[in-house]
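S.K.: Please find model-v4.pdb (PDB, C-alpha atoms and all ligand atoms) on the next line:
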ATOM      1  CA  MET A1396     -59.336   4.615  29.118
ATOM      2  CA  THR A1397     -63.120   4.524  28.848
ATOM      3  CA  SER A1398     -65.100   6.003  31.689
ATOM      4  CA  GLU A1399     -66.449   2.511  32.319
ATOM      5  CA  SER A1400     -63.120   0.828  32.874
ATOM      6  CA  PHE A1401     -61.682   3.737  34.833
ATOM      7  CA  ASN A1402     -64.621   4.577  37.032
ATOM      8  CA  GLY A1403     -66.318   1.266  37.708
ATOM      9  CA  SER A1404     -69.737   0.246  36.509
ATOM     10  CA  SER A1405     -71.743   2.470  34.197
ATOM     11  CA  VAL A1406     -74.897   1.345  36.010
ATOM     12  CA  PRO A1407     -75.276   2.941  39.441
ATOM     13  CA  ASN A1408     -75.469   0.446  42.292
ATOM     14  CA  HIS A1409     -77.492   2.857  44.436
ATOM     15  CA  VAL A1410     -79.875   5.538  43.174
ATOM     16  CA  ALA A1411     -81.436   8.015  45.606
ATOM     17  CA  ILE A1412     -84.349  10.195  44.521
ATOM     18  CA  ILE A1413     -85.872  13.400  45.877
ATOM     19  CA  MET A1414     -89.367  12.891  44.485
ATOM     20  CA  ASP A1415     -90.535  16.489  44.181
ATOM     21  CA  GLY A1416     -93.300  18.272  42.275
ATOM     22  CA  ASN A1417     -96.491  16.393  43.076
ATOM     23  CA  GLY A1418     -98.225  19.573  44.228
ATOM     24  CA  ARG A1419     -97.217  21.533  41.132
ATOM     25  CA  TRP A1420     -98.351  18.682  38.879
ATOM     26  CA  ALA A1421    -101.810  18.810  40.471
ATOM     27  CA  LYS A1422    -101.956  22.601  40.432
ATOM     28  CA  GLN A1423    -101.189  22.701  36.696
ATOM     29  CA  ARG A1424    -104.285  20.541  36.179
ATOM     30  CA  GLY A1425    -106.529  22.397  38.625
ATOM     31  CA  LEU A1426    -106.617  19.308  40.872
ATOM     32  CA  PRO A1427    -106.178  18.973  44.637
ATOM     33  CA  ARG A1428    -102.598  18.255  45.768
ATOM     34  CA  ILE A1429    -103.475  14.716  46.804
ATOM     35  CA  LYS A1430    -104.117  13.844  43.142
ATOM     36  CA  GLY A1431    -100.485  14.752  42.509
ATOM     37  CA  HIS A1432     -99.415  12.421  45.303
ATOM     38  CA  GLU A1433    -101.599   9.630  43.921
ATOM     39  CA  ASN A1434    -100.050   9.947  40.490
ATOM     40  CA  GLY A1435     -96.654  10.210  42.155
ATOM     41  CA  ALA A1436     -97.281   6.791  43.703
ATOM     42  CA  GLU A1437     -97.639   5.422  40.155
ATOM     43  CA  SER A1438     -94.203   6.842  39.375
ATOM     44  CA  VAL A1439     -92.830   5.052  42.440
ATOM     45  CA  ARG A1440     -94.137   1.769  41.065
ATOM     46  CA  ALA A1441     -92.671   2.518  37.635
ATOM     47  CA  ILE A1442     -89.246   3.442  38.992
ATOM     48  CA  ILE A1443     -89.001   0.355  41.208
ATOM     49  CA  LYS A1444     -89.584  -1.717  38.080
ATOM     50  CA  ALA A1445     -87.150   0.378  36.052
ATOM     51  CA  CYS A1446     -84.443  -0.208  38.662
ATOM     52  CA  ARG A1447     -84.992  -3.929  38.408
ATOM     53  CA  ASN A1448     -84.770  -3.781  34.602
ATOM     54  CA  ALA A1449     -81.599  -1.705  34.700
ATOM     55  CA  GLY A1450     -79.819  -3.694  37.423
ATOM     56  CA  VAL A1451     -79.856  -0.969  40.094
ATOM     57  CA  LYS A1452     -79.595  -2.809  43.429
ATOM     58  CA  TYR A1453     -80.446  -0.067  45.937
ATOM     59  CA  LEU A1454     -83.173   2.530  45.518
ATOM     60  CA  THR A1455     -83.730   5.137  48.230
ATOM     61  CA  LEU A1456     -86.845   7.280  47.877
ATOM     62  CA  TYR A1457     -87.349  10.488  49.838
ATOM     63  CA  ALA A1458     -91.034  10.015  50.622
ATOM     64  CA  PHE A1459     -91.505  12.280  53.659
ATOM     65  CA  SER A1460     -89.000  14.626  55.239
ATOM     66  CA  ILE A1461     -88.787  15.630  58.854
ATOM     67  CA  GLU A1462     -89.659  19.138  57.650
ATOM     68  CA  ASN A1463     -92.820  17.890  55.896
ATOM     69  CA  TRP A1464     -94.614  17.616  59.269
ATOM     70  CA  VAL A1465     -95.435  21.330  58.981
ATOM     71  CA  ARG A1466     -97.799  20.636  56.062
ATOM     72  CA  PRO A1467    -101.590  20.837  56.541
ATOM     73  CA  ARG A1468    -102.944  17.957  58.637
ATOM     74  CA  ALA A1469    -105.189  16.770  55.806
ATOM     75  CA  GLU A1470    -102.272  16.466  53.377
ATOM     76  CA  ILE A1471    -100.195  14.525  55.919
ATOM     77  CA  THR A1472    -103.106  12.166  56.601
ATOM     78  CA  ALA A1473    -103.611  11.614  52.889
ATOM     79  CA  LEU A1474     -99.901  10.901  52.363
ATOM     80  CA  MET A1475     -99.867   8.382  55.219
ATOM     81  CA  GLY A1476    -102.956   6.715  53.759
ATOM     82  CA  LEU A1477    -101.250   6.475  50.373
ATOM     83  CA  LEU A1478     -98.213   4.932  51.994
ATOM     84  CA  LYS A1479    -100.322   2.253  53.657
ATOM     85  CA  ARG A1480    -102.110   1.507  50.424
ATOM     86  CA  PHE A1481     -98.809   1.362  48.576
ATOM     87  CA  LEU A1482     -97.493  -1.230  51.051
ATOM     88  CA  THR A1483    -100.572  -3.401  50.700
ATOM     89  CA  ASN A1484    -100.549  -3.243  46.912
ATOM     90  CA  GLU A1485     -96.810  -3.611  46.374
ATOM     91  CA  GLU A1486     -95.843  -6.310  48.833
ATOM     92  CA  HIS A1487     -96.321  -9.117  46.321
ATOM     93  CA  GLU A1488     -93.929  -7.356  43.914
ATOM     94  CA  LEU A1489     -91.260  -7.326  46.613
ATOM     95  CA  HIS A1490     -91.707 -11.058  47.210
ATOM     96  CA  GLU A1491     -91.774 -11.870  43.530
ATOM     97  CA  ASN A1492     -88.538 -10.026  42.918
ATOM     98  CA  LYS A1493     -86.807 -10.820  46.225
ATOM     99  CA  VAL A1494     -86.472  -7.154  47.147
ATOM    100  CA  ARG A1495     -85.991  -6.182  50.777
ATOM    101  CA  LEU A1496     -87.953  -3.197  52.121
ATOM    102  CA  ARG A1497     -86.220  -0.913  54.612
ATOM    103  CA  VAL A1498     -86.918   2.451  56.183
ATOM    104  CA  THR A1499     -84.516   5.237  56.989
ATOM    105  CA  GLY A1500     -85.639   8.027  59.300
ATOM    106  CA  GLN A1501     -87.682   8.252  62.444
ATOM    107  CA  LEU A1502     -90.136   5.406  62.025
ATOM    108  CA  ALA A1503     -91.555   6.060  65.496
ATOM    109  CA  ASP A1504     -92.909   9.467  64.338
ATOM    110  CA  LEU A1505     -95.350   7.801  61.927
ATOM    111  CA  PRO A1506     -98.945   6.842  62.766
ATOM    112  CA  LYS A1507     -99.055   3.486  64.584
ATOM    113  CA  ALA A1508    -100.911   1.689  61.794
ATOM    114  CA  VAL A1509     -98.356   2.820  59.214
ATOM    115  CA  GLN A1510     -95.500   1.740  61.475
ATOM    116  CA  ALA A1511     -97.104  -1.678  61.892
ATOM    117  CA  GLY A1512     -97.581  -2.065  58.136
ATOM    118  CA  LEU A1513     -93.972  -1.119  57.477
ATOM    119  CA  ARG A1514     -92.611  -3.405  60.190
ATOM    120  CA  ASN A1515     -94.637  -6.331  58.859
ATOM    121  CA  VAL A1516     -93.409  -5.949  55.293
ATOM    122  CA  MET A1517     -89.833  -5.260  56.428
ATOM    123  CA  GLY A1518     -89.926  -8.434  58.524
ATOM    124  CA  ARG A1519     -91.331 -10.547  55.729
ATOM    125  CA  THR A1520     -88.759  -9.337  53.185
ATOM    126  CA  LYS A1521     -85.695  -9.093  55.427
ATOM    127  CA  ASP A1522     -83.830 -12.066  53.955
ATOM    128  CA  TYR A1523     -84.135 -11.046  50.311
ATOM    129  CA  GLN A1524     -80.867 -10.357  48.526
ATOM    130  CA  GLU A1525     -81.817  -9.235  45.019
ATOM    131  CA  GLY A1526     -82.210  -5.586  45.864
ATOM    132  CA  GLN A1527     -83.277  -3.076  48.496
ATOM    133  CA  LEU A1528     -86.054  -0.529  48.436
ATOM    134  CA  ILE A1529     -85.382   2.071  51.114
ATOM    135  CA  LEU A1530     -88.094   4.555  52.029
ATOM    136  CA  ALA A1531     -86.911   7.741  53.723
ATOM    137  CA  LEU A1532     -89.743   8.611  56.101
ATOM    138  CA  SER A1533     -89.711  11.385  58.658
ATOM    139  CA  TYR A1534     -86.118  11.608  57.525
ATOM    140  CA  GLY A1535     -83.669  14.436  58.119
ATOM    141  CA  GLY A1536     -80.006  14.324  57.163
ATOM    142  CA  ARG A1537     -78.841  16.477  60.048
ATOM    143  CA  ARG A1538     -80.965  14.442  62.428
ATOM    144  CA  GLU A1539     -79.232  11.288  61.179
ATOM    145  CA  ILE A1540     -75.768  12.775  61.662
ATOM    146  CA  ALA A1541     -76.738  13.948  65.168
ATOM    147  CA  HIS A1542     -77.899  10.380  65.881
ATOM    148  CA  ALA A1543     -74.509   9.016  64.809
ATOM    149  CA  VAL A1544     -72.657  11.576  66.935
ATOM    150  CA  ARG A1545     -74.813  10.689  69.955
ATOM    151  CA  GLU A1546     -74.066   6.958  69.551
ATOM    152  CA  ILE A1547     -70.350   7.654  69.305
ATOM    153  CA  ALA A1548     -70.421   9.997  72.317
ATOM    154  CA  ARG A1549     -72.108   7.237  74.320
ATOM    155  CA  ARG A1550     -69.356   4.792  73.500
ATOM    156  CA  VAL A1551     -66.652   7.311  74.351
ATOM    157  CA  LYS A1552     -68.357   7.953  77.701
ATOM    158  CA  GLN A1553     -68.501   4.206  78.378
ATOM    159  CA  GLY A1554     -64.802   4.068  77.636
ATOM    160  CA  SER A1555     -65.145   1.533  74.826
ATOM    161  CA  ILE A1556     -63.522   3.938  72.320
ATOM    162  CA  ASP A1557     -61.212   6.966  72.511
ATOM    163  CA  PRO A1558     -61.989  10.324  70.889
ATOM    164  CA  GLU A1559     -58.982   9.606  68.631
ATOM    165  CA  ASP A1560     -60.848   6.579  67.227
ATOM    166  CA  VAL A1561     -63.513   8.813  65.705
ATOM    167  CA  ASP A1562     -62.985   8.821  61.966
ATOM    168  CA  GLU A1563     -65.133   8.846  58.828
ATOM    169  CA  ASP A1564     -65.698   5.102  58.885
ATOM    170  CA  LEU A1565     -66.920   5.257  62.472
ATOM    171  CA  VAL A1566     -69.402   8.031  61.621
ATOM    172  CA  SER A1567     -70.650   6.007  58.621
ATOM    173  CA  ALA A1568     -70.962   2.936  60.832
ATOM    174  CA  ASN A1569     -73.319   4.807  63.173
ATOM    175  CA  LEU A1570     -75.755   6.117  60.585
ATOM    176  CA  TYR A1571     -79.286   4.644  60.384
ATOM    177  CA  LEU A1572     -78.430   2.003  57.731
ATOM    178  CA  PRO A1573     -74.673   1.534  58.005
ATOM    179  CA  ASP A1574     -74.488  -1.396  55.595
ATOM    180  CA  VAL A1575     -76.076   0.492  52.685
ATOM    181  CA  PRO A1576     -73.475   1.840  50.236
ATOM    182  CA  ASP A1577     -73.512   5.579  49.467
ATOM    183  CA  PRO A1578     -75.696   6.605  46.514
ATOM    184  CA  ASP A1579     -73.889   6.718  43.188
ATOM    185  CA  LEU A1580     -76.583   8.871  41.630
ATOM    186  CA  LEU A1581     -78.881  11.423  43.277
ATOM    187  CA  ILE A1582     -81.885  12.485  41.205
ATOM    188  CA  ARG A1583     -84.157  15.414  42.026
ATOM    189  CA  THR A1584     -87.293  16.057  39.999
ATOM    190  CA  SER A1585     -89.043  19.449  39.515
ATOM    191  CA  GLY A1586     -85.948  21.528  39.040
ATOM    192  CA  GLU A1587     -85.137  22.689  42.560
ATOM    193  CA  MET A1588     -81.369  22.915  43.073
ATOM    194  CA  ARG A1589     -81.218  21.890  46.702
ATOM    195  CA  LEU A1590     -80.775  18.842  48.906
ATOM    196  CA  SER A1591     -83.617  19.618  51.341
ATOM    197  CA  ASN A1592     -81.771  17.811  54.165
ATOM    198  CA  PHE A1593     -81.508  14.492  52.295
ATOM    199  CA  LEU A1594     -78.633  12.042  52.971
ATOM    200  CA  LEU A1595     -76.176  14.854  53.702
ATOM    201  CA  TRP A1596     -73.335  12.573  54.760
ATOM    202  CA  GLN A1597     -73.890   9.915  52.097
ATOM    203  CA  VAL A1598     -74.084  12.128  48.990
ATOM    204  CA  SER A1599     -70.571  13.464  49.492
ATOM    205  CA  TYR A1600     -69.467  12.021  46.119
ATOM    206  CA  SER A1601     -72.777  11.163  44.453
ATOM    207  CA  GLU A1602     -73.411  12.320  40.905
ATOM    208  CA  LEU A1603     -76.253  14.872  40.850
ATOM    209  CA  TYR A1604     -79.026  14.884  38.265
ATOM    210  CA  VAL A1605     -81.755  17.511  38.429
ATOM    211  CA  THR A1606     -84.603  17.443  35.929
ATOM    212  CA  ASP A1607     -87.494  19.861  35.428
ATOM    213  CA  VAL A1608     -89.849  16.912  34.957
ATOM    214  CA  LEU A1609     -92.380  16.766  37.800
ATOM    215  CA  TRP A1610     -92.379  13.548  39.834
ATOM    216  CA  PRO A1611     -95.771  12.227  38.589
ATOM    217  CA  ASP A1612     -94.416  12.523  35.027
ATOM    218  CA  PHE A1613     -91.116  10.812  35.873
ATOM    219  CA  ARG A1614     -91.400   7.255  34.572
ATOM    220  CA  GLU A1615     -89.089   4.613  33.108
ATOM    221  CA  GLU A1616     -88.225   6.675  30.018
ATOM    222  CA  GLN A1617     -87.117   9.669  32.103
ATOM    223  CA  PHE A1618     -85.246   7.379  34.508
ATOM    224  CA  LYS A1619     -83.342   5.828  31.601
ATOM    225  CA  GLU A1620     -82.295   9.332  30.504
ATOM    226  CA  ALA A1621     -80.829   9.907  33.960
ATOM    227  CA  LEU A1622     -78.988   6.575  33.811
ATOM    228  CA  ALA A1623     -77.659   7.406  30.349
ATOM    229  CA  GLU A1624     -76.276  10.689  31.609
ATOM    230  CA  TYR A1625     -74.753   8.970  34.621
ATOM    231  CA  ALA A1626     -72.998   6.483  32.332
ATOM    232  CA  HIS A1627     -71.166   9.397  30.709
ATOM    233  CA  ARG A1628     -70.028  11.043  33.904
ATOM    234  CA  ASN A1629     -66.367  10.869  34.783
ATOM    235  CA  ARG A1630     -66.145  10.201  38.509
ATOM    236  CA  ARG A1631     -62.720  11.546  39.345
ATOM    237  CA  TYR A1632     -62.854  11.564  43.156
ATOM    238  CA  GLY A1633     -60.301  14.337  43.231
ATOM    239  CA  ASP A1634     -57.887  12.623  40.859
ATOM    240  CA  ILE A1635     -56.969  13.998  37.409
ATOM    241  CA  GLU A1636     -58.735  13.105  34.140
TER     242      GLU A1636
HETATM  243  C1  LIG A1701     -93.160  15.863  46.756
HETATM  244  O1  LIG A1701     -94.019  16.732  46.116
HETATM  245  C2  LIG A1701     -93.860  14.952  47.721
HETATM  246  C3  LIG A1701     -93.564  15.225  49.133
HETATM  247  C4  LIG A1701     -92.740  16.119  49.577
HETATM  248  C5  LIG A1701     -94.260  14.397  50.115
HETATM  249  P1  LIG A1701     -94.478  18.105  46.777
HETATM  250  O2  LIG A1701     -95.715  17.861  47.549
HETATM  251  O3  LIG A1701     -93.360  18.722  47.522
HETATM  252  O4  LIG A1701     -94.796  18.949  45.473
HETATM  253  P2  LIG A1701     -94.516  20.490  45.209
HETATM  254  O5  LIG A1701     -93.060  20.732  45.494
HETATM  255  O6  LIG A1701     -95.403  21.258  46.117
HETATM  256  O7  LIG A1701     -94.838  20.677  43.772
HETATM  257  C1  LIG A1702     -88.250  17.250  49.674
HETATM  258  O1  LIG A1702     -89.267  17.908  49.015
HETATM  259  C2  LIG A1702     -88.842  16.147  50.524
HETATM  260  C3  LIG A1702     -89.423  15.030  49.798
HETATM  261  C4  LIG A1702     -89.363  14.861  48.501
HETATM  262  C5  LIG A1702     -90.085  14.044  50.609
HETATM  263  P1  LIG A1702     -89.915  19.240  49.611
HETATM  264  O2  LIG A1702     -90.900  19.696  48.623
HETATM  265  O3  LIG A1702     -90.402  19.004  50.981
HETATM  266  O4  LIG A1702     -88.646  20.183  49.699
HETATM  267  P2  LIG A1702     -88.536  21.783  49.699
HETATM  268  O5  LIG A1702     -89.555  22.264  50.685
HETATM  269  O6  LIG A1702     -88.799  22.240  48.318
HETATM  270  O7  LIG A1702     -87.132  22.046  50.115
HETATM  271 MG    MG A1703     -91.905  20.052  47.011
END
Output the file's structure as structure tokens, nothing else.
M.R.:
Amino acid sequence: MTSESFNGSSVPNHVAIIMDGNGRWAKQRGLPRIKGHENGAESVRAIIKACRNAGVKYLTLYAFSIENWVRPRAEITALMGLLKRFLTNEEHELHENKVRLRVTGQLADLPKAVQAGLRNVMGRTKDYQEGQLILALSYGGRREIAHAVREIARRVKQGSIDPEDVDEDLVSANLYLPDVPDPDLLIRTSGEMRLSNFLLWQVSYSELYVTDVLWPDFREEQFKEALAEYAHRNRRYGDIE
């Protein structure tokens, strides 16, 4: 049997990306870190388009982790500014391609103006069905799991469910975006072999792809290489062959 017929589609339905290496990209060129982030934003644009071309329906981008708040104030401010600019510049693309924007993470942690911009675009794109662009912002995987546990504990306390009802589906149903399928492919740029607290529950059976390419250099060509490798993976899910 071919891997395609045995393991479902050779194109991932959901790709999640840890966009790492902006700082190193800038440093290699003797530029300030923000220049790396600016060029990284160009990669974001390119990969959104590449997903559309390839037929990837869900794209989750790790844009700012809950741990990233420890970075210098000026870098955080610059990143938030870039995010706002990105929203303004990219909204028409979302409309044109009927892509819904969503956020996973603690939206309320972000500066008010950024929150407002995100809420506006999310509201205006909420009915689109062609694809979803999910930005992970002030996101932490453990924080998300703790959120799910808290919701479930509340319902147990109310008496609407029993502790025996708690199973994997119930945990999944209480995550931030319960209707989003788990990622099929998780990409990390810049070579680091770690998850950095990203989608811990959801990547349980995702295929992992780590490349040394730095995020600002990761464009459609590099993305296609990742998809090509994914197409050859044999997703066994514990079964044989
Ligand atoms: C990823 O690039 C962008 C964010 C985490 C916001 P980095 O800024 O982490 O780049 P490096 O890892 O320092 O090269
Ligand atoms: C992970 O990158 C977070 C994002 C890409 C937003 P980091 O650069 O923050 O991760 P570490 O510090 O190398 O684990
Ligand atoms: Mg980094």
S.K.: With distances taken over all atoms listed in the file, which residue among A:Arg1428, A:Met1475, A:Ala1531, A:Gln1423 lies nearest A:Asn1592?
M.R.: A:Ala1531
S.K.: Please write as a ChimeraX atom specification the full residue list that the PyMOL selection byres (((chain A and resi 1594) around 12) and not hetatm) yields on this file.
M.R.: /A:1410-1413,1455-1457,1460,1499-1500,1531,1534-1540,1567,1570-1572,1575-1578,1580-1581,1589-1593,1595-1601
S.K.: For atom CA of A:Gln1501 and atom CA of A:Ile1461, quote the distance in Å rounded to one decimal.
M.R.: 8.3 Å
S.K.: Would you give the centre and edge lengths, in Å to one decimal, of a box along x, y and z around the listed atoms of ligand LIG 1702 (chain A), with 4 Å added to each side, as lines of an AutoDock Vina configuration file?
M.R.:
center_x = -89.0
center_y = 18.2
center_z = 49.6
size_x = 11.8
size_y = 16.2
size_z = 10.7
S.K.: For the atom pair atom CA of A:Lys1452 and atom CA of A:Ser1585, what is the interatomic distance in Å to one decimal place?
M.R.: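 Result for atom CA of A:Lys1452 versus atom CA of A:Ser1585: 24.5 Å, one decimal.
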S.K.: Distance atom CA of A:Arg1550-atom CA of A:Glu1563, one decimal place?
M.R.: 15.8 Å
S.K.: Which residues, written as number ranges by chain, have at least one atom at most 12 Å from A:Gln1510, with all atoms listed in the file counted and residues fewer than 2 positions away on the same chain left out?
M.R.: A: 1475-1476, 1478-1479, 1482, 1497-1498, 1500-1508, 1512-1518, 1532-1533
S.K.: Report as a Markdown table: every residue of chain A with an atom at most 10 Å from ligand MG 1703 (chain A), its closest pair of atoms, and their distance in Å to one decimal, counting all atoms listed in the file, with rows sorted by chain and ascending residue number.
M.R.:
| residue | atom | partner | partner_atom | distance |
| --- | --- | --- | --- | --- |
| A:Ile1413 | CA | A:MG1703 | MG | 9.1 |
| A:Met1414 | CA | A:MG1703 | MG | 8.0 |
| A:Asp1415 | CA | A:MG1703 | MG | 4.8 |
| A:Gly1416 | CA | A:MG1703 | MG | 5.2 |
| A:Asn1417 | CA | A:MG1703 | MG | 7.1 |
| A:Gly1418 | CA | A:MG1703 | MG | 6.9 |
| A:Arg1419 | CA | A:MG1703 | MG | 8.1 |
| A:Asn1463 | CA | A:MG1703 | MG | 9.2 |
| A:Thr1584 | CA | A:MG1703 | MG | 9.3 |
| A:Ser1585 | CA | A:MG1703 | MG | 8.0 |
| A:Glu1587 | CA | A:MG1703 | MG | 8.5 |
| A:Ser1591 | CA | A:MG1703 | MG | 9.4 |
| A:Leu1609 | CA | A:MG1703 | MG | 9.8 |
| A:Trp1610 | CA | A:MG1703 | MG | 9.7 |
S.K.: Please provide the set of residues having any atom within 12 Å of A:Glu1615, restricted to all atoms listed in the file, with same-chain residues fewer than 4 positions apart removed, written as a list in words.
M.R.: Glu1437, Ser1438, Val1439, Arg1440, Ala1441, Ile1442, Ile1443, Lys1444, Ala1445, Cys1446, Arg1447, Asn1448, Ala1449, Trp1610, Pro1611, Lys1619, Glu1620, Ala1621 and Leu1622 of chain A
S.K.: Take the residues from that selection and write them out as a CSV table (one decimal), in the coordinates of the input, keeping C-alpha atoms.
M.R.:
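Below you can see out14.csv, which holds the result:
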chain,number,residue,atom,x,y,z
A,1437,GLU,CA,-97.6,5.4,40.2
A,1438,SER,CA,-94.2,6.8,39.4
A,1439,VAL,CA,-92.8,5.1,42.4
A,1440,ARG,CA,-94.1,1.8,41.1
A,1441,ALA,CA,-92.7,2.5,37.6
A,1442,ILE,CA,-89.2,3.4,39.0
A,1443,ILE,CA,-89.0,0.4,41.2
A,1444,LYS,CA,-89.6,-1.7,38.1
A,1445,ALA,CA,-87.2,0.4,36.1
A,1446,CYS,CA,-84.4,-0.2,38.7
A,1447,ARG,CA,-85.0,-3.9,38.4
A,1448,ASN,CA,-84.8,-3.8,34.6
A,1449,ALA,CA,-81.6,-1.7,34.7
A,1610,TRP,CA,-92.4,13.5,39.8
A,1611,PRO,CA,-95.8,12.2,38.6
A,1619,LYS,CA,-83.3,5.8,31.6
A,1620,GLU,CA,-82.3,9.3,30.5
A,1621,ALA,CA,-80.8,9.9,34.0
A,1622,LEU,CA,-79.0,6.6,33.8
S.K.: Would you mind telling me which residue in A:His1490, A:Arg1583, A:Lys1552, A:Arg1545 lies nearest to ligand LIG 1701 (chain A) when using all atoms listed in the file?
M.R.: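 Distance minimum relative to ligand LIG 1701 (chain A) lands on A:Arg1583.
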S.K.: Report as an MDAnalysis selection string all protein, DNA and RNA residues lying within 7 Å of A:Tyr1453, evaluated on only C-alpha atoms, omitting residues in the same chain fewer than 5 positions from it.
M.R.: chainID A and resid 1408:1410 1526:1528
S.K.: Missing atoms in stretch 1444-1461 of chain A should be modelled up to N, CA and C atoms and reported as a PDB file, in the frame of the given file.
M.R.:
ATOM      1  N   LYS A1444     -89.697  -0.761  39.186  1.00  0.00           N
ATOM      2  CA  LYS A1444     -89.584  -1.717  38.080  1.00  0.00           C
ATOM      3  C   LYS A1444     -88.400  -1.356  37.174  1.00  0.00           C
ATOM      4  N   ALA A1445     -88.249  -0.069  36.919  1.00  0.00           N
ATOM      5  CA  ALA A1445     -87.150   0.378  36.052  1.00  0.00           C
ATOM      6  C   ALA A1445     -85.793   0.044  36.668  1.00  0.00           C
ATOM      7  N   CYS A1446     -85.699   0.137  37.980  1.00  0.00           N
ATOM      8  CA  CYS A1446     -84.443  -0.208  38.662  1.00  0.00           C
ATOM      9  C   CYS A1446     -84.131  -1.682  38.461  1.00  0.00           C
ATOM     10  N   ARG A1447     -85.166  -2.492  38.596  1.00  0.00           N
ATOM     11  CA  ARG A1447     -84.992  -3.929  38.408  1.00  0.00           C
ATOM     12  C   ARG A1447     -84.498  -4.210  36.977  1.00  0.00           C
ATOM     13  N   ASN A1448     -85.146  -3.578  36.008  1.00  0.00           N
ATOM     14  CA  ASN A1448     -84.770  -3.781  34.602  1.00  0.00           C
ATOM     15  C   ASN A1448     -83.339  -3.334  34.318  1.00  0.00           C
ATOM     16  N   ALA A1449     -82.927  -2.269  34.995  1.00  0.00           N
ATOM     17  CA  ALA A1449     -81.599  -1.705  34.700  1.00  0.00           C
ATOM     18  C   ALA A1449     -80.489  -2.348  35.524  1.00  0.00           C
ATOM     19  N   GLY A1450     -80.848  -3.081  36.572  1.00  0.00           N
ATOM     20  CA  GLY A1450     -79.819  -3.694  37.423  1.00  0.00           C
ATOM     21  C   GLY A1450     -79.347  -2.796  38.555  1.00  0.00           C
ATOM     22  N   VAL A1451     -80.165  -1.813  38.934  1.00  0.00           N
ATOM     23  CA  VAL A1451     -79.856  -0.969  40.094  1.00  0.00           C
ATOM     24  C   VAL A1451     -80.255  -1.740  41.355  1.00  0.00           C
ATOM     25  N   LYS A1452     -79.331  -1.933  42.280  1.00  0.00           N
ATOM     26  CA  LYS A1452     -79.595  -2.809  43.429  1.00  0.00           C
ATOM     27  C   LYS A1452     -80.251  -2.092  44.611  1.00  0.00           C
ATOM     28  N   TYR A1453     -79.900  -0.835  44.810  1.00  0.00           N
ATOM     29  CA  TYR A1453     -80.446  -0.067  45.937  1.00  0.00           C
ATOM     30  C   TYR A1453     -81.185   1.154  45.399  1.00  0.00           C
ATOM     31  N   LEU A1454     -82.394   1.341  45.881  1.00  0.00           N
ATOM     32  CA  LEU A1454     -83.173   2.530  45.518  1.00  0.00           C
ATOM     33  C   LEU A1454     -83.670   3.171  46.805  1.00  0.00           C
ATOM     34  N   THR A1455     -83.240   4.411  47.057  1.00  0.00           N
ATOM     35  CA  THR A1455     -83.730   5.137  48.230  1.00  0.00           C
ATOM     36  C   THR A1455     -84.642   6.262  47.764  1.00  0.00           C
ATOM     37  N   LEU A1456     -85.854   6.278  48.276  1.00  0.00           N
ATOM     38  CA  LEU A1456     -86.845   7.280  47.877  1.00  0.00           C
ATOM     39  C   LEU A1456     -87.172   8.194  49.050  1.00  0.00           C
ATOM     40  N   TYR A1457     -87.010   9.499  48.808  1.00  0.00           N
ATOM     41  CA  TYR A1457     -87.349  10.488  49.838  1.00  0.00           C
ATOM     42  C   TYR A1457     -88.869  10.681  49.765  1.00  0.00           C
ATOM     43  N   ALA A1458     -89.574  10.017  50.678  1.00  0.00           N
ATOM     44  CA  ALA A1458     -91.034  10.015  50.622  1.00  0.00           C
ATOM     45  C   ALA A1458     -91.653  11.036  51.566  1.00  0.00           C
ATOM     46  N   PHE A1459     -90.965  11.314  52.697  1.00  0.00           N
ATOM     47  CA  PHE A1459     -91.505  12.280  53.659  1.00  0.00           C
ATOM     48  C   PHE A1459     -90.357  12.778  54.532  1.00  0.00           C
ATOM     49  N   SER A1460     -90.132  14.082  54.484  1.00  0.00           N
ATOM     50  CA  SER A1460     -89.000  14.626  55.239  1.00  0.00           C
ATOM     51  C   SER A1460     -89.452  15.018  56.637  1.00  0.00           C
ATOM     52  N   ILE A1461     -88.467  15.197  57.492  1.00  0.00           N
ATOM     53  CA  ILE A1461     -88.787  15.630  58.854  1.00  0.00           C
ATOM     54  C   ILE A1461     -89.422  17.024  58.828  1.00  0.00           C
TER      55      ILE A1461
END
